[in-house]
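Novice: See data19.pdb below, with PDB, C-alpha atoms, pLDDT in the B column.
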ATOM      1  CA  MET S   1      66.158  -0.558   2.882  1.00 42.00           C
ATOM      2  CA  GLY S   2      69.038   0.503   5.040  1.00 52.00           C
ATOM      3  CA  ALA S   3      69.001  -2.415   7.455  1.00 53.00           C
ATOM      4  CA  TRP S   4      68.622  -5.890   6.010  1.00 67.00           C
ATOM      5  CA  GLY S   5      69.032  -9.263   7.717  1.00 75.00           C
ATOM      6  CA  VAL S   6      67.142 -12.454   8.534  1.00 77.00           C
ATOM      7  CA  GLY S   7      66.471 -11.418  12.127  1.00 82.00           C
ATOM      8  CA  TYR S   8      62.961 -10.233  12.877  1.00 86.00           C
ATOM      9  CA  PHE S   9      64.138  -6.654  13.467  1.00 84.00           C
ATOM     10  CA  GLU S  10      66.934  -6.471  10.956  1.00 84.00           C
ATOM     11  CA  ASN S  11      65.072  -4.266   8.515  1.00 85.00           C
ATOM     12  CA  ASP S  12      63.850  -0.693   8.627  1.00 87.00           C
ATOM     13  CA  SER S  13      60.196  -1.576   8.039  1.00 88.00           C
ATOM     14  CA  ALA S  14      60.040  -3.867  11.072  1.00 88.00           C
ATOM     15  CA  LEU S  15      61.614  -1.164  13.207  1.00 87.00           C
ATOM     16  CA  ASP S  16      59.005   1.332  11.993  1.00 88.00           C
ATOM     17  CA  TRP S  17      56.252  -1.095  13.028  1.00 86.00           C
ATOM     18  CA  ILE S  18      57.634  -1.196  16.567  1.00 86.00           C
ATOM     19  CA  ASP S  19      56.946   2.512  16.863  1.00 85.00           C
ATOM     20  CA  GLU S  20      53.414   2.004  15.496  1.00 83.00           C
ATOM     21  CA  ILE S  21      52.741  -0.747  18.017  1.00 82.00           C
ATOM     22  CA  PHE S  22      54.196   1.060  21.000  1.00 80.00           C
ATOM     23  CA  HIS S  23      52.480   4.382  20.346  1.00 81.00           C
ATOM     24  CA  GLY S  24      49.255   3.142  18.758  1.00 78.00           C
ATOM     25  CA  GLU S  25      45.941   2.824  20.556  1.00 77.00           C
ATOM     26  CA  ASP S  26      45.143  -0.731  19.464  1.00 79.00           C
ATOM     27  CA  ALA S  27      48.166  -2.645  18.236  1.00 75.00           C
ATOM     28  CA  PHE S  28      46.232  -5.793  17.426  1.00 74.00           C
ATOM     29  CA  GLN S  29      43.837  -3.813  15.237  1.00 79.00           C
ATOM     30  CA  LEU S  30      46.877  -2.994  13.093  1.00 76.00           C
ATOM     31  CA  LEU S  31      47.328  -6.726  12.509  1.00 71.00           C
ATOM     32  CA  VAL S  32      43.692  -7.045  11.480  1.00 76.00           C
ATOM     33  CA  ASP S  33      44.126  -4.055   9.152  1.00 79.00           C
ATOM     34  CA  ILE S  34      47.144  -5.700   7.523  1.00 75.00           C
ATOM     35  CA  ALA S  35      45.134  -8.895   7.036  1.00 72.00           C
ATOM     36  CA  GLN S  36      42.223  -7.006   5.498  1.00 74.00           C
ATOM     37  CA  GLY S  37      44.592  -5.196   3.137  1.00 72.00           C
ATOM     38  CA  ILE S  38      46.096  -8.481   2.049  1.00 70.00           C
ATOM     39  CA  GLU S  39      42.674  -9.978   1.378  1.00 68.00           C
ATOM     40  CA  GLU S  40      41.563  -6.888  -0.510  1.00 72.00           C
ATOM     41  CA  TYR S  41      44.592  -6.605  -2.776  1.00 70.00           C
ATOM     42  CA  ASP S  42      45.643 -10.244  -2.888  1.00 71.00           C
ATOM     43  CA  GLN S  43      49.262  -9.144  -2.536  1.00 76.00           C
ATOM     44  CA  VAL S  44      51.368  -8.066   0.408  1.00 80.00           C
ATOM     45  CA  GLU S  45      53.879  -5.266   0.071  1.00 85.00           C
ATOM     46  CA  VAL S  46      57.243  -5.297   1.835  1.00 88.00           C
ATOM     47  CA  ASP S  47      56.212  -2.993   4.687  1.00 88.00           C
ATOM     48  CA  ASP S  48      53.042  -4.924   5.468  1.00 85.00           C
ATOM     49  CA  ALA S  49      54.872  -8.255   5.308  1.00 88.00           C
ATOM     50  CA  CYS S  50      57.436  -6.931   7.781  1.00 90.00           C
ATOM     51  CA  GLY S  51      54.598  -5.742  10.003  1.00 88.00           C
ATOM     52  CA  ALA S  52      52.927  -9.132   9.778  1.00 87.00           C
ATOM     53  CA  ILE S  53      56.141 -10.804  10.905  1.00 92.00           C
ATOM     54  CA  VAL S  54      56.572  -8.423  13.850  1.00 91.00           C
ATOM     55  CA  PHE S  55      52.977  -9.056  14.912  1.00 88.00           C
ATOM     56  CA  GLY S  56      53.442 -12.781  14.413  1.00 91.00           C
ATOM     57  CA  LEU S  57      56.422 -12.646  16.727  1.00 92.00           C
ATOM     58  CA  ILE S  58      54.370 -10.801  19.365  1.00 90.00           C
ATOM     59  CA  VAL S  59      51.501 -13.277  19.105  1.00 90.00           C
ATOM     60  CA  ALA S  60      53.918 -16.228  19.209  1.00 92.00           C
ATOM     61  CA  SER S  61      55.617 -14.792  22.289  1.00 90.00           C
ATOM     62  CA  ILE S  62      52.301 -14.260  24.071  1.00 88.00           C
ATOM     63  CA  VAL S  63      50.813 -17.659  23.274  1.00 88.00           C
ATOM     64  CA  SER S  64      54.049 -19.489  24.066  1.00 89.00           C
ATOM     65  CA  ARG S  65      54.321 -17.584  27.353  1.00 85.00           C
ATOM     66  CA  GLY S  66      57.749 -16.260  26.431  1.00 82.00           C
ATOM     67  CA  LYS S  67      59.244 -19.460  24.995  1.00 89.00           C
ATOM     68  CA  ILE S  68      59.492 -17.522  21.739  1.00 90.00           C
ATOM     69  CA  GLU S  69      61.530 -14.514  22.783  1.00 90.00           C
ATOM     70  CA  VAL S  70      60.943 -11.113  21.247  1.00 90.00           C
ATOM     71  CA  LYS S  71      64.475  -9.891  21.982  1.00 89.00           C
ATOM     72  CA  HIS S  72      63.642  -6.232  21.514  1.00 90.00           C
ATOM     73  CA  PRO S  73      63.457  -3.994  24.602  1.00 91.00           C
ATOM     74  CA  ILE S  74      60.567  -1.813  23.431  1.00 89.00           C
ATOM     75  CA  LEU S  75      58.398  -4.779  22.461  1.00 87.00           C
ATOM     76  CA  GLU S  76      59.340  -6.658  25.622  1.00 89.00           C
ATOM     77  CA  GLU S  77      58.148  -3.616  27.582  1.00 88.00           C
ATOM     78  CA  TRP S  78      54.932  -3.446  25.551  1.00 84.00           C
ATOM     79  CA  ILE S  79      54.197  -7.148  26.081  1.00 84.00           C
ATOM     80  CA  LYS S  80      54.856  -6.844  29.810  1.00 85.00           C
ATOM     81  CA  ALA S  81      52.540  -3.821  30.013  1.00 82.00           C
ATOM     82  CA  ASN S  82      49.837  -5.894  28.301  1.00 76.00           C
ATOM     83  CA  GLU S  83      50.340  -9.048  30.382  1.00 74.00           C
ATOM     84  CA  GLY S  84      47.205 -10.999  30.917  1.00 72.00           C
ATOM     85  CA  PHE S  85      45.824 -10.055  27.517  1.00 71.00           C
ATOM     86  CA  GLU S  86      44.108 -13.127  26.162  1.00 73.00           C
ATOM     87  CA  LEU S  87      44.377 -13.602  22.450  1.00 77.00           C
ATOM     88  CA  GLY S  88      41.271 -15.002  20.862  1.00 81.00           C
ATOM     89  CA  GLU S  89      41.448 -17.845  18.375  1.00 87.00           C
ATOM     90  CA  ASP S  90      40.437 -15.457  15.601  1.00 84.00           C
ATOM     91  CA  LEU S  91      43.491 -13.261  16.221  1.00 84.00           C
ATOM     92  CA  LYS S  92      45.758 -16.313  16.202  1.00 89.00           C
ATOM     93  CA  VAL S  93      44.254 -17.389  12.875  1.00 89.00           C
ATOM     94  CA  VAL S  94      44.774 -13.899  11.439  1.00 87.00           C
ATOM     95  CA  ALA S  95      48.404 -13.909  12.613  1.00 89.00           C
ATOM     96  CA  ILE S  96      49.025 -17.317  11.025  1.00 93.00           C
ATOM     97  CA  ASP S  97      47.344 -16.260   7.782  1.00 89.00           C
ATOM     98  CA  VAL S  98      49.389 -13.088   7.379  1.00 88.00           C
ATOM     99  CA  LEU S  99      52.618 -14.886   8.275  1.00 92.00           C
ATOM    100  CA  LYS S 100      51.951 -17.545   5.655  1.00 93.00           C
ATOM    101  CA  PHE S 101      51.008 -14.899   3.114  1.00 89.00           C
ATOM    102  CA  SER S 102      54.239 -13.000   3.873  1.00 90.00           C
ATOM    103  CA  ILE S 103      56.299 -15.962   2.669  1.00 93.00           C
ATOM    104  CA  SER S 104      54.002 -16.864  -0.225  1.00 91.00           C
ATOM    105  CA  ASN S 105      54.531 -16.159  -3.912  1.00 90.00           C
ATOM    106  CA  LYS S 106      52.241 -13.132  -3.565  1.00 89.00           C
ATOM    107  CA  SER S 107      54.651 -11.390  -1.207  1.00 91.00           C
ATOM    108  CA  GLU S 108      56.993  -8.658  -2.344  1.00 90.00           C
ATOM    109  CA  LEU S 109      59.218  -9.415   0.657  1.00 90.00           C
ATOM    110  CA  LYS S 110      59.485 -13.068  -0.358  1.00 91.00           C
ATOM    111  CA  ASP S 111      60.577 -11.942  -3.815  1.00 90.00           C
ATOM    112  CA  LEU S 112      63.367  -9.859  -2.286  1.00 89.00           C
ATOM    113  CA  TRP S 113      64.514 -12.736  -0.093  1.00 89.00           C
ATOM    114  CA  PHE S 114      64.398 -15.151  -3.003  1.00 89.00           C
ATOM    115  CA  GLU S 115      67.145 -13.073  -4.636  1.00 88.00           C
ATOM    116  CA  ASN S 116      69.482 -14.126  -1.814  1.00 86.00           C
ATOM    117  CA  LYS S 117      69.856 -17.861  -2.337  1.00 84.00           C
ATOM    118  CA  ASP S 118      72.074 -18.245   0.747  1.00 86.00           C
ATOM    119  CA  LEU S 119      69.664 -16.728   3.264  1.00 89.00           C
ATOM    120  CA  HIS S 120      66.250 -17.238   1.684  1.00 90.00           C
ATOM    121  CA  GLN S 121      65.520 -20.566   3.386  1.00 93.00           C
ATOM    122  CA  LYS S 122      66.792 -19.314   6.752  1.00 93.00           C
ATOM    123  CA  TRP S 123      64.343 -16.407   6.515  1.00 92.00           C
ATOM    124  CA  VAL S 124      61.451 -18.706   5.532  1.00 95.00           C
ATOM    125  CA  ASP S 125      62.310 -21.027   8.430  1.00 95.00           C
ATOM    126  CA  SER S 126      62.287 -18.115  10.892  1.00 94.00           C
ATOM    127  CA  VAL S 127      58.767 -17.144   9.787  1.00 95.00           C
ATOM    128  CA  ASN S 128      57.558 -20.753   9.823  1.00 96.00           C
ATOM    129  CA  LYS S 129      58.873 -21.062  13.398  1.00 96.00           C
ATOM    130  CA  LEU S 130      56.344 -18.394  14.395  1.00 96.00           C
ATOM    131  CA  VAL S 131      53.516 -20.167  12.567  1.00 96.00           C
ATOM    132  CA  VAL S 132      54.341 -23.414  14.380  1.00 96.00           C
ATOM    133  CA  ALA S 133      54.501 -21.683  17.768  1.00 95.00           C
ATOM    134  CA  ILE S 134      51.126 -19.998  17.296  1.00 94.00           C
ATOM    135  CA  SER S 135      49.515 -23.166  15.915  1.00 94.00           C
ATOM    136  CA  ALA S 136      50.723 -25.246  18.841  1.00 91.00           C
ATOM    137  CA  ASN S 137      49.023 -23.058  21.440  1.00 79.00           C
TER     138      ASN S 137
END
What would you get if you wrote out this structure as structure tokens?
Specialist:
Amino acid sequence: MGAWGVGYFENDSALDWIDEIFHGEDAFQLLVDIAQGIEEYDQVEVDDACGAIVFGLIVASIVSRGKIEVKHPILEEWIKANEGFELGEDLKVVAIDVLKFSISNKSELKDLWFENKDLHQKWVDSVNKLVVAISAN
């Protein structure tokens, strides 16, 4: 990866997902597809884990009514264009599941972060913050 940091958009895979979301026909179906892939293979690859985190951030921002800030102009525009979209409980559950899986021992991304002892816990905490925000709403 060229870009690499604990921020939600500080990696190339997450940035690629922004393009998929913005130009795709059904962004939330992509989240469901990620979840189905995880269930099917019982492992999440780096790109899908990054996608799960981006989607988790979107869901957390929507359900928290902006208390969790996206802080990315393209996604802020996309969320504003989709204002009023009501997320069903099933989509919230899917988002929580893929976020938790992304930081589990079956995640390739978690393995990469575990190599960085200084930032690993900060990254895990940033993902757990999304899980808490979605669970609370």
Novice: Atom CA of S:Ser107 and atom CA of S:Glu25 are how many Å apart?
Specialist: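 These two atoms are separated by 27.4 Å.
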Novice: Could you list, as a PDB file with C-alpha atoms, keeping the file's coordinate frame, every residue matched by the PyMOL selection byres ((chain S and resi 8) around 10) in this structure?
Specialist:
ATOM      1  CA  TRP S   4      68.622  -5.890   6.010  1.00 67.00           C
ATOM      2  CA  GLY S   5      69.032  -9.263   7.717  1.00 75.00           C
ATOM      3  CA  VAL S   6      67.142 -12.454   8.534  1.00 77.00           C
ATOM      4  CA  GLY S   7      66.471 -11.418  12.127  1.00 82.00           C
ATOM      5  CA  PHE S   9      64.138  -6.654  13.467  1.00 84.00           C
ATOM      6  CA  GLU S  10      66.934  -6.471  10.956  1.00 84.00           C
ATOM      7  CA  ASN S  11      65.072  -4.266   8.515  1.00 85.00           C
ATOM      8  CA  ALA S  14      60.040  -3.867  11.072  1.00 88.00           C
ATOM      9  CA  LEU S  15      61.614  -1.164  13.207  1.00 87.00           C
ATOM     10  CA  CYS S  50      57.436  -6.931   7.781  1.00 90.00           C
ATOM     11  CA  GLY S  51      54.598  -5.742  10.003  1.00 88.00           C
ATOM     12  CA  ILE S  53      56.141 -10.804  10.905  1.00 92.00           C
ATOM     13  CA  VAL S  54      56.572  -8.423  13.850  1.00 91.00           C
ATOM     14  CA  GLY S  56      53.442 -12.781  14.413  1.00 91.00           C
ATOM     15  CA  LEU S  57      56.422 -12.646  16.727  1.00 92.00           C
ATOM     16  CA  VAL S  70      60.943 -11.113  21.247  1.00 90.00           C
ATOM     17  CA  LYS S  71      64.475  -9.891  21.982  1.00 89.00           C
ATOM     18  CA  HIS S  72      63.642  -6.232  21.514  1.00 90.00           C
ATOM     19  CA  TRP S 123      64.343 -16.407   6.515  1.00 92.00           C
ATOM     20  CA  SER S 126      62.287 -18.115  10.892  1.00 94.00           C
ATOM     21  CA  VAL S 127      58.767 -17.144   9.787  1.00 95.00           C
TER      22      VAL S 127
END
Novice: Where does the PyMOL selection byres ((chain S and resi 112) around 12) land in this file, that is, which residues does it pick, as JSON, numbers by chain?
Specialist: {"S": [1, 4, 5, 6, 45, 46, 49, 102, 103, 104, 105, 106, 107, 108, 109, 110, 111, 113, 114, 115, 116, 117, 119, 120, 123, 124]}
Novice: Smallest atom-to-atom distance to S:Val131: which of S:Ala27, S:Ala60, S:Val44, S:Ile74, using all atoms listed in the file?
Specialist: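 The answer is S:Ala60, which sits nearest to S:Val131.
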Novice: Using all atoms listed in the file, can you tell me which of S:Leu130, S:Ile62, S:Ala35, S:Ile68 comes closest to S:Leu87?
Specialist: S:Ile62
Novice: So the first atom is atom CA of S:Glu20 and the second is atom CA of S:Ser135; what is the distance between them in Å, to one decimal place?
Specialist: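 Distance reported for this atom pair: 25.5 Å.
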Novice: Taking only C-alpha atoms into account, name the residue in S:Gln121, S:Gln36, S:Ser61, S:Asn82 that is nearest to S:Val94.
Specialist: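 Selected residue with least distance to S:Val94: S:Gln36.
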Novice: Using the file's own x, y and z axes, what box holds all listed atoms of stretch 32-36 of chain S with 5 Å on each side, keeping edges along x, y and z, and what are its centre and edge lengths in Å to one decimal, as JSON?
Specialist:
{"center_x": 44.7, "center_y": -6.5, "center_z": 8.5, "size_x": 14.9, "size_y": 14.8, "size_z": 16.0}
Novice: One number please: atom CA of S:Asp16 to atom CA of S:Gly37, in Å, one decimal.
Specialist: 18.1 Å
Novice: Pick the closest to S:Lys67 from S:Ala136, S:Leu91, S:Ile96, S:Leu31: which is it, counting all atoms listed in the file?
Specialist: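 Using all atoms listed in the file, S:Lys67 sits closest to S:Ala136.
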Novice: Of the candidates S:Lys92, S:Lys129, S:Asp118, S:Trp78, which shows the shortest atom-to-atom distance to S:Gly24, using only C-alpha atoms?
Specialist: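 Ranking S:Lys92, S:Lys129, S:Asp118, S:Trp78 by distance to S:Gly24, first place goes to S:Trp78.
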Novice: Which one is closest to S:Asp33: S:Ile134, S:Ile18, S:Val63, S:Ala95? Count only C-alpha atoms.
Specialist: S:Ala95
